[in-house]
Structures are given as C-alpha cells and as structure tokens.
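A short write-up of the structure that comes next.
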Amino acid sequence: SADRQFLSFVGEESFYGYVARHRHEMFRDEDFAFLYCLDNGRTSVPPSLIAMALLLQCYTGVSDQETIDRVKFDLRWKVALGLRLDEEPLVKSTLQLFRNQLIIHQRAKLLFQKAMEYLRRQGFVKKHKIHLALDTTAIFGKGAVQDTFNMLAEGLRQVLLVLARFASQRVEDYASAHDASRYLAPSFKGTWVMDWDNEKERQVVLESLVADCQRVLALASKTLKQYAEESSEAKELLQATDLLGKLLVQDVRRTETGRAEIIDGVAQDRIVSVHDPEMRHGRKSATQRFDGYKASLSVETESQVIADVDVLPANAHDSTNTSALVVESAKNLDATIEGILGDGAYGSVEARLDAQAGQYTVTAPVGQLPQHGRFTKDMFVIDLENETVTCPAGQITSTWYERRTKTKRGTTFRNKSFMFSVAQCGSCPLRSQCLQPDASRRTILVHEHEELLRQAKAFQRTEEYRTLYRQRVRVEHRIARLVKLGIRKARYFGSSKVLFQLATAAAVANLTLFARSLSTPASFVSLLILMSLILVLCVSRMSYRRPVCC
C-alpha cells in the first residue's frame with residue numbers, strides 16, 4: 001500500500017503521515033456496526049476508512065466530489081488511508097450515505113467522540129482539577145434569507161411540490177390547474193411588473209399572495225384527509241403546511257377591516273429561511289448581526305483540547321446549554337469538572353445557579369452597572385437580613401414591592417424594588433447626584449439572589465480570579481482554529497448537519513493539536529543543536545583570527 005512505499009516522501013511529520021501511522025488506533029469498523037446489517041447484503045466499504053476520509057475532507061475543506069477525486073489521485077490521501085495506488089474504494093453516494101446515517105441515528109458527534117477516546121488513551125488529557133473555557137461563535141446559515149413576499153411565495157411553492165407529487169402530476173401542470181404558476185418562477189417578485197416603492201401596488205400583491213397561501217393551505221387540508229394520520233405522506237404534507245402557516249402568522253396580520261398587512265419589527269423566534277427553517281437572526285454585539293446558528297464549545301484550559309461542542313439557534317443566549325456542555329465535557333474527558341471560565345454571558349445569575357447545582361465554580365464577570373453620572377446601586381448599603389437599604393446620604397428605607405423579571409432564557413425571578421419616600425429624596429442635598437431630573441424618588445432593585453451576586457463581585461476583585469480568567473483566551477484560540485477549518489459558514493441545511501460539521505472540525509482540531517505536540521519537542525531539540533553548532537563555529541573563527549598589528 002502507499003503508506004509503506006511513500007510515507008517518508010509525503011512526510012512522517014505531516015498530518016497525512018500522522019494519520020497513516022495512527023489511523024487504526026482512532027477508528028475501528030466495530031465503532032460503526034450499528035449503521036449496518038451484519039448478516040445480509042454485499043460487502044461494504046470499511047466504515048473506518050470512510051470516517052477517516054471525512055476527517056481529511058474537513059482538514060482540507062474540499063467538497064464531496066473533490067474528496068472522491070483526492071482519494072483516487074492524491075498521493076497524500078493514498079498514504080493517509082493506506083490505499084494501493086490503483087485503488088478506488090469510494091464513490092460520492094457512499095460518503096453522503098455514511099454521513100446521513102450518522103445524523104439520522106443522532107450520532108452526529110461520533111467521530112469527535114472517538115477522537116476524544118483516542119486522545120484519552122494517549123494521555124493527552126488531564127484527569128484532575130479540570131477547568132473549561134466556554135464561548136460561542138457565529139455560524140452563517142446555508143439557507144437563503146428572503147423578504148416577506150419571496151419567503152411566503154417559496155413556502156407556498158414547497159406545498160405545491162408535495163401536492164403535485166401526491167397527485168402524480170408534473171408540478172407545472174398541477175400549479176397551472178390551480179392558478180399558481182407564478183409561484184414556480186425563480187423570483188416571485190420578478191413576476192410582477194410594478195413599482196415596488198408604491199404602497200398601493202405592494203398592497204395589491206400582498207392581498208393576492210395571502211389569499212393564495214390560504215387557498216393552497218385549504219387544498220392541502222382536503223388532500224390530507226386521504227391519508228392515515230401516521231403515514232409518511234401525512235407527515236410530509238403537514239411539515240410543508242406547518243411551515244407555510246408559521247410564515248403567515250409571524251409576518252402577516254389582518255386589521256380590523258380585514259386588510260392584510262406586514263407586521264412591523266421581528267417576531268420572536270422568527271423563521272428567516274424556508275430552505276432552512278431552523279436558522280434564526282442572531283447578534284454577537286449591538287452592531288454585528290448574522291443569520292444562522294451559534295457554535296458553542298468548551299475547551300480544557302491546560303491541554304487546549306476541545307472538550308465538547310454544540311449548536312444553538314442564533315437567537316439563543318450564549319449560556320443556554322452550559323449545564324449540558326459541562327456534563328458532556330466531563331464524559332468526553334472522563335474527568336470531574338472543577339470550574340468554568342467565560343465572558344459576561346456566563347456570569348449571569350442563572351449560570352451561577354446552574355453551577356451550584358452541578359457542583360462547579362464560575363469564573364466570569366458580573367454584568368456592569370450603567371454609568372450615567374449618578375449614584376449606582378453599589379453605593380447603597382443593602383441589608384438583606386433586615387430588608388433595608390441605606391442611601392449615600394444616610395437615609396434608610398424598608399419599603400419594597402415585588403418586581404418579577406423574566407430573563408432571555410425564560411427564568412422568572414421575584415426581585416424586590418426598594419423605594420425611598422418623596423420626602424426623603426425631596427430635601428436631600430445629594431439629590432442632583434442621585435435622581436434623574438424628572439424623578440421624585442429613588443428606587444433600588446435587589447435581586448432574589450443578591451447574596452450570590454455579592455459573592456461573585458467579591459471574588460472578581462481577587463488575584464485568584466484574575467489569574468484564572470486570563471486562561472479564558474484559550475477558547476478564542478480554538479475558535480480561530482475551527483474558523484480556519486470552515487465552521488464560519490454552514491455547508492449543510494439544518495442544525496443536526498451543522499452539528500456534524502462542527503463536531504468533525506473539532507475532531508480535526510484536536511488531532512492536529514496532538515500531532516503537533518508530538519513533533520514539537522524533537523523540532524525544539526534540533527533547533528537547540530543547530531544554534532549550538534553555529535555558536536561553536538563563531539567562537540572557533542574568533543579564536544583563530546589573526547591579531548591586528550600596531
């Protein structure tokens with residue numbers, strides 16, 4: 001095979017050479033036995049070979065077709081996979097079927113998990129006092145993001161495609177018979193000759209579009225009665241009609257006069273793409289918006305191994321899955337997690353309560369109070385035991401009312417809002433430094449878990465916190481590596497397939513990290529030897545240099 005003949009030519013220190021020498025330790029055919037019928041059918045391509053080909057595909061960032069071509073013609077791939085020069089073991093459909101079967105069986109992270117087992121056997125992962133650095137990064141979705149008109153039209157077209165197939169007709173014939181041919185055009189808006197800046201003309205198109213959507217939904221409802229509730233046809237039709245129905249509800253409403261109008265603003269959990277209904281609008285900052293998903297990951301701070309990955313909707317809070325991420329990281333590392341490090345998103349009260357339940361610590365900044373030039377909450381003395389608040393001027397209040405607040409993650413907290421009286425604030429000499437010009441009194445919101453926040457702020461002022469928090473940057477290094485491996489843009493539709501892409505990239509990132517750690521000491525020693533030789537030569541030349549005569 002090529003790995004015996006050309007390993008030194010390709011380079012033992014290259015990633016291809018490393019894979020050639022260790023591929024049998026990473027994946028075994030038995031690891032994928034659940035995907036196959038073992039007592040029937042013809043002999044298949046070894047699944048361990050397909051798995052390794054998928055890792056090389058991620059490493060090089062090539063398409064499925066290019067992967068097959070490289071398996072056939074690229075000497076580096078031949079060496080890595082242990083193939084003969086004339087061997088052609090894979091076709092494109094085999095690669096795609098293997099990937100889809102992993103996703104269907106909900107094992108999208110299997111390659112990553114097997115790579116982690118290999119790293120554990122090599123002793124690359126710590127076993128005690130584990131700290132994880134957590135963060136998220138944007139993944140731009142593959143689905144096209146359209147405006148309301150084109151998205152509703154595309155949703156309607158998807159229903160037409162299903163109905164036409166069930167009727168055993170060409171979709172063009174079916175659409176023509178139901179006066180819906182315009183919805184098969186590449187662009188629905190392009191079928192209208194009109195001024196799209198004219199509000200009246202836009203309204204005519206919207207009324208027609210909404211009426212057609214409702215008409216096709218009624219037609220689908222009638223067709224649905226022909227199939228059993230649990231049949232594949234009923235499920236497929238319901239999936240298409242549910243999507244169109246959700247698009248109508250989120251984007252269009254009827255006024256009291258029955259007029260259709262587009263809803264202003266963005267609906268909560270709004271679907272942004274018909275082709276990938278799981279995509280969402282998201283933000284990494286006030287100015288940076290994206291459409292797609294969030295890659296969520298944890299990194300073991302000492303070895304910098306990616307301990308676990310997950311995919312979140314783009315509109316989800318960064319800390320939504322913290323508990324699950326910690327549990328899975330502990331399983332993948334086969335170790336107990338002592339603490340996590342994160343940015344402000346992981347320093348919320350919810351995240352700290354999760355940490356208490358999971359028995360690990362949180363090293364993350366507490367949200368900063370807004371600086372508006374007036375006294376902040378930290379300047380007031382809060383006595384939790386006696387339920388009083390004292391202001392900087394020495395005034396005390398014990399009057400409060402319950403104020404319930406709901407977070408982005410959906411948790412409701414029963415906080416206390418303490419109020420100073422109008423009399424206390426009216427004659428106060430510090431009034432201008434405390435109240436807004438139009439306010440008559442000052443209120444202070446005391447969180448239901450105020451003591452937990454106090455402890456977090458006190459820890460944040462210690463040297464131990466600063467030492468630990470400096471290690472958080474390592475998760476950003478791993479994110480940079482994943483971005484280089486192509487995770488910034490989704491290659492597939494749907495969160496399950498995006499998770500497969502992310503997990504495969506994480507496996508490659510971990511394996512290349514380990515491979516470099518094996519070659520670094522030798523390279524470093526070689527460099528020291530070279531520098532020593534240069535130094536000896538320089539000294540020798542200086543020793544034999546002829547002295548200058550006066």
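Chain labels follow the order of the structure tokens: the first chain is A, the next B, and so on; residue numbering restarts at 1 in every chain, and ligands are counted from 1 in their shown order.
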Report the closest atom pair, with its distance in Å rounded to one decimal, for each residue of range 297-323 of chain A that has an atom no farther than 7 Å from range 469-481 of chain A; count only C-alpha atoms, sort by chain and then rising residue number, and write it as JSON lines.
{"residue": "A:Val299", "atom": "CA", "partner": "A:Val475", "partner_atom": "CA", "distance": 5.7}
{"residue": "A:Thr301", "atom": "CA", "partner": "A:Gln471", "partner_atom": "CA", "distance": 6.5}
{"residue": "A:Gln304", "atom": "CA", "partner": "A:Arg474", "partner_atom": "CA", "distance": 6.6}
Using N, CA and C atoms, can you write the selected residues to a file as a PDB file, in the first residue's frame?
ATOM      1  N   VAL A 299     -13.423  24.262  26.146  1.00  0.00           N
ATOM      2  CA  VAL A 299     -12.019  23.928  25.917  1.00  0.00           C
ATOM      3  C   VAL A 299     -11.344  23.673  27.256  1.00  0.00           C
ATOM      4  N   THR A 301      -8.500  23.988  29.619  1.00  0.00           N
ATOM      5  CA  THR A 301      -7.573  25.121  29.551  1.00  0.00           C
ATOM      6  C   THR A 301      -6.099  24.725  29.492  1.00  0.00           C
ATOM      7  N   GLN A 304      -5.684  22.552  26.014  1.00  0.00           N
ATOM      8  CA  GLN A 304      -6.394  23.281  24.948  1.00  0.00           C
ATOM      9  C   GLN A 304      -7.180  22.344  24.031  1.00  0.00           C
TER      10      GLN A 304
END
Neighbours of Gly141 in chain A within 12 Å (only C-alpha atoms; same-chain residues fewer than 4 positions away dropped), as number ranges by chain? A: 145, 272-282, 290-295, 311-314, 487-495, 497-498
When you draw a straight line from CA of Arg107 in chain A to CA of Thr504 in chain A, how long is it in Å? 11.6 Å
The residue from A:Arg4, A:Arg283, A:Arg70, A:Lys109 with the smallest atom-to-atom distance to Phe500 in chain A, counting only C-alpha atoms, is A:Lys109
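Closest approach to Gly410 in chain A among A:His317, A:Arg253, A:Arg454, A:Arg352: A:His317, based on only C-alpha atoms.
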Skipping near chain neighbours, those fewer than 3 positions away, what residues fall within 12 Å of Asp212 in chain A using only C-alpha atoms, listed as a PyMOL selection string? chain A and resi 152-153+155-157+159-160+175+178-183+205-209+215-219+244+248
Restricting the output to N, CA, C and O atoms, write the selected residues as a short mmCIF file (atom, residue, chain, number, x, y, z; two decimals), in the first residue's frame.
data_model
loop_
_atom_site.label_atom_id
_atom_site.label_comp_id
_atom_site.auth_asym_id
_atom_site.auth_seq_id
_atom_site.Cartn_x
_atom_site.Cartn_y
_atom_site.Cartn_z
N LEU A 152 -42.86 33.91 1.67
CA LEU A 152 -44.20 33.32 1.63
C LEU A 152 -44.42 32.57 0.32
O LEU A 152 -44.99 31.47 0.31
N ALA A 153 -43.96 33.16 -0.78
CA ALA A 153 -44.10 32.51 -2.08
C ALA A 153 -43.32 31.20 -2.13
O ALA A 153 -43.79 30.20 -2.68
N GLY A 155 -42.54 29.33 0.51
CA GLY A 155 -43.26 28.39 1.36
C GLY A 155 -44.46 27.78 0.64
O GLY A 155 -44.74 26.58 0.77
N LEU A 156 -45.17 28.60 -0.12
CA LEU A 156 -46.31 28.10 -0.91
C LEU A 156 -45.84 27.12 -1.97
O LEU A 156 -46.48 26.08 -2.22
N ARG A 157 -44.70 27.42 -2.60
CA ARG A 157 -44.16 26.53 -3.64
C ARG A 157 -43.82 25.16 -3.07
O ARG A 157 -44.03 24.13 -3.71
N VAL A 159 -45.32 23.61 -0.69
CA VAL A 159 -46.58 22.86 -0.53
C VAL A 159 -47.05 22.34 -1.90
O VAL A 159 -47.51 21.20 -2.02
N LEU A 160 -46.93 23.18 -2.92
CA LEU A 160 -47.32 22.77 -4.27
C LEU A 160 -46.51 21.55 -4.74
O LEU A 160 -47.05 20.64 -5.39
N ALA A 175 -49.67 23.24 -10.80
CA ALA A 175 -49.75 24.66 -10.47
C ALA A 175 -50.63 25.41 -11.47
O ALA A 175 -51.42 26.29 -11.09
N HIS A 178 -54.30 25.01 -10.82
CA HIS A 178 -54.80 25.70 -9.62
C HIS A 178 -54.39 27.16 -9.59
O HIS A 178 -54.35 27.79 -8.52
N ASP A 179 -54.11 27.72 -10.79
CA ASP A 179 -53.82 29.15 -10.93
C ASP A 179 -52.70 29.59 -9.97
O ASP A 179 -52.81 30.58 -9.25
N ALA A 180 -51.59 28.83 -10.01
CA ALA A 180 -50.48 29.15 -9.10
C ALA A 180 -49.13 29.06 -9.82
O ALA A 180 -48.10 28.86 -9.19
N SER A 181 -49.16 29.25 -11.14
CA SER A 181 -47.92 29.09 -11.93
C SER A 181 -46.85 30.10 -11.54
O SER A 181 -45.65 29.81 -11.64
N ARG A 182 -47.26 31.30 -11.13
CA ARG A 182 -46.28 32.34 -10.82
C ARG A 182 -45.37 31.93 -9.65
O ARG A 182 -44.26 32.45 -9.50
N TYR A 183 -45.82 30.98 -8.84
CA TYR A 183 -45.02 30.59 -7.68
C TYR A 183 -43.91 29.60 -8.02
O TYR A 183 -43.13 29.23 -7.15
N VAL A 205 -50.41 43.19 -4.26
CA VAL A 205 -49.64 41.95 -4.34
C VAL A 205 -49.75 41.16 -3.03
O VAL A 205 -49.92 39.94 -3.03
N LEU A 206 -49.67 41.87 -1.90
CA LEU A 206 -49.75 41.20 -0.60
C LEU A 206 -51.10 40.52 -0.41
O LEU A 206 -51.16 39.36 0.04
N GLU A 207 -52.18 41.20 -0.77
CA GLU A 207 -53.52 40.61 -0.64
C GLU A 207 -53.64 39.36 -1.50
O GLU A 207 -54.18 38.32 -1.06
N SER A 208 -53.12 39.42 -2.72
CA SER A 208 -53.17 38.28 -3.63
C SER A 208 -52.34 37.12 -3.08
O SER A 208 -52.78 35.95 -3.10
N LEU A 209 -51.17 37.43 -2.56
CA LEU A 209 -50.27 36.40 -2.04
C LEU A 209 -50.87 35.70 -0.81
O LEU A 209 -50.87 34.47 -0.72
N ARG A 215 -55.58 29.66 0.24
CA ARG A 215 -56.28 28.75 -0.69
C ARG A 215 -55.51 27.43 -0.81
O ARG A 215 -56.11 26.34 -0.80
N VAL A 216 -54.19 27.50 -0.92
CA VAL A 216 -53.37 26.28 -1.05
C VAL A 216 -53.37 25.50 0.27
O VAL A 216 -53.38 24.26 0.26
N LEU A 217 -53.40 26.20 1.39
CA LEU A 217 -53.49 25.51 2.68
C LEU A 217 -54.80 24.74 2.81
O LEU A 217 -54.83 23.62 3.35
N ALA A 218 -55.90 25.34 2.31
CA ALA A 218 -57.19 24.66 2.32
C ALA A 218 -57.17 23.44 1.40
O ALA A 218 -57.71 22.37 1.74
N LEU A 219 -56.50 23.57 0.26
CA LEU A 219 -56.37 22.45 -0.67
C LEU A 219 -55.56 21.31 -0.03
O LEU A 219 -55.90 20.13 -0.16
N LEU A 244 -45.54 26.86 6.10
CA LEU A 244 -46.25 27.98 5.46
C LEU A 244 -47.15 28.69 6.47
O LEU A 244 -47.23 29.92 6.49
N LEU A 248 -46.94 32.71 7.67
CA LEU A 248 -48.07 33.64 7.63
C LEU A 248 -48.28 34.32 8.98
O LEU A 248 -48.46 35.54 9.06
#
Mind the document's chain letters and residue numbers, and return as an MDAnalysis selection string the residues of range 61-270 of chain A that DSSP labels strand (DSSP E). chainID A and resid 130:140 252:254 260:262
Contacts of Val327 in chain A at 10 Å (only C-alpha atoms; same-chain gap of 2+ positions) as an NGL selection string: :A and (308 or 322-325 or 329-332 or 336-337 or 358)
What's the 12 Å shell around Ser427 in chain A, counting only C-alpha atoms, without same-chain residues fewer than 4 positions away, as a list in words? Ala393, Gln395, Ser421, Val422, Ala423, Arg431, Ser432, Ser440 and Arg441 of chain A
Keeping only N, CA, C and O atoms, take the residues you just selected and write them out as a compact mmCIF listing (two decimals), in the first residue's frame.
# COMPACT_ATOMS: atom_id res chain seq x y z
N ALA A 393 -26.63 59.35 51.45
CA ALA A 393 -26.91 60.46 52.36
C ALA A 393 -27.33 59.99 53.75
O ALA A 393 -27.59 60.80 54.63
N GLN A 395 -30.07 58.11 54.45
CA GLN A 395 -31.49 57.82 54.55
C GLN A 395 -31.73 56.31 54.41
O GLN A 395 -31.06 55.63 53.62
N SER A 421 -38.92 57.46 50.12
CA SER A 421 -40.11 58.30 50.04
C SER A 421 -39.79 59.61 49.33
O SER A 421 -38.62 60.02 49.22
N VAL A 422 -40.84 60.26 48.88
CA VAL A 422 -40.68 61.58 48.22
C VAL A 422 -40.08 62.57 49.20
O VAL A 422 -39.24 63.41 48.85
N ALA A 423 -40.48 62.47 50.48
CA ALA A 423 -39.96 63.39 51.50
C ALA A 423 -38.47 63.19 51.71
O ALA A 423 -37.71 64.15 51.88
N ARG A 431 -29.43 65.14 46.06
CA ARG A 431 -30.48 64.77 45.10
C ARG A 431 -29.99 64.82 43.65
O ARG A 431 -30.26 63.91 42.87
N SER A 432 -29.27 65.86 43.28
CA SER A 432 -28.83 66.02 41.88
C SER A 432 -27.84 64.92 41.46
O SER A 432 -27.69 64.64 40.28
N SER A 440 -39.07 61.72 41.22
CA SER A 440 -39.43 62.25 42.54
C SER A 440 -38.83 61.45 43.68
O SER A 440 -38.74 61.92 44.81
N ARG A 441 -38.39 60.20 43.38
CA ARG A 441 -37.82 59.35 44.42
C ARG A 441 -36.86 58.34 43.78
O ARG A 441 -36.90 58.11 42.57
List the neighbours of range 116-128 of chain A out to 10 Å using only C-alpha atoms; skip same-chain residues closer than 5 positions along the sequence, and give me the result as JSON, numbers by chain. {"A": [22, 25, 26, 27, 110, 111, 300, 301, 302, 303, 304, 305, 306, 307, 308, 330, 332, 333, 334, 335, 336, 337, 338, 506, 507, 510, 511, 514, 517]}
Would you please work out which residue, of A:Thr241, A:Thr148, A:Ser319, A:Gln359, is nearest to Val210 in chain A when using only C-alpha atoms? A:Thr148
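For the set A:Val266, A:Cys425, A:Val349, A:Leu81, the residue with the smallest atom-to-atom gap to Ala439 in chain A is A:Cys425, counting only C-alpha atoms.
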Residue list (alpha helix (DSSP H), DSSP) for range 167-378 of chain A, as JSON, numbers by chain: {"A": [171, 172, 173, 174, 175, 176, 177, 199, 200, 201, 202, 203, 204, 205, 206, 207, 208, 209, 210, 211, 212, 213, 214, 215, 216, 217, 218, 219, 220, 221, 222, 223, 224, 232, 233, 234, 235, 236, 237, 238, 239, 240, 241, 242, 243, 244, 245, 246, 247, 248, 249, 250, 251, 322, 323, 324, 325, 326, 327, 328, 329, 330, 331, 332, 333, 349, 350, 351, 352, 353, 354, 355, 356, 357, 358]}
Got a sec: who's within 7 Å of Asp135 in chain A, counting only C-alpha atoms, leaving out chain neighbours fewer than 4 positions off, as number ranges by chain? A: 296-298, 342, 475
Restrict the selected residues to all heavy atoms and save them as a compact mmCIF listing (two decimals), in the first residue's frame.
# COMPACT_ATOMS: atom_id res chain seq x y z
N SER A 296 -21.29 26.47 19.98
CA SER A 296 -21.00 26.56 21.40
C SER A 296 -19.96 25.50 21.73
O SER A 296 -20.11 24.33 21.35
CB SER A 296 -22.28 26.32 22.21
OG SER A 296 -22.02 26.31 23.59
N LEU A 297 -18.89 25.88 22.43
CA LEU A 297 -17.83 24.90 22.71
C LEU A 297 -17.18 25.13 24.05
O LEU A 297 -17.24 26.23 24.61
CB LEU A 297 -16.76 24.92 21.61
CG LEU A 297 -15.89 26.16 21.47
CD1 LEU A 297 -14.53 25.76 20.89
CD2 LEU A 297 -16.55 27.18 20.55
N SER A 298 -16.59 24.07 24.58
CA SER A 298 -15.82 24.13 25.81
C SER A 298 -14.42 23.63 25.52
O SER A 298 -14.23 22.68 24.75
CB SER A 298 -16.48 23.28 26.90
OG SER A 298 -16.53 21.92 26.51
N GLY A 342 -15.68 32.02 31.50
CA GLY A 342 -16.46 32.55 30.40
C GLY A 342 -16.55 34.05 30.46
O GLY A 342 -16.15 34.69 31.46
N VAL A 475 -9.97 29.54 24.68
CA VAL A 475 -11.12 29.14 23.89
C VAL A 475 -11.20 29.96 22.60
O VAL A 475 -11.64 29.47 21.56
CB VAL A 475 -12.43 29.26 24.71
CG1 VAL A 475 -12.81 30.71 24.97
CG2 VAL A 475 -13.58 28.55 23.99
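Ranking A:Leu90, A:Ala345, A:Val162, A:Ile130 by their shortest atom-to-atom distance to Asp318 in chain A, with only C-alpha atoms included, puts A:Ala345 first.
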Considering only C-alpha atoms, state which residue in the set A:Gln455, A:Gln106, A:Gln268, A:Thr67 is at the smallest distance from Ser93 in chain A. A:Thr67
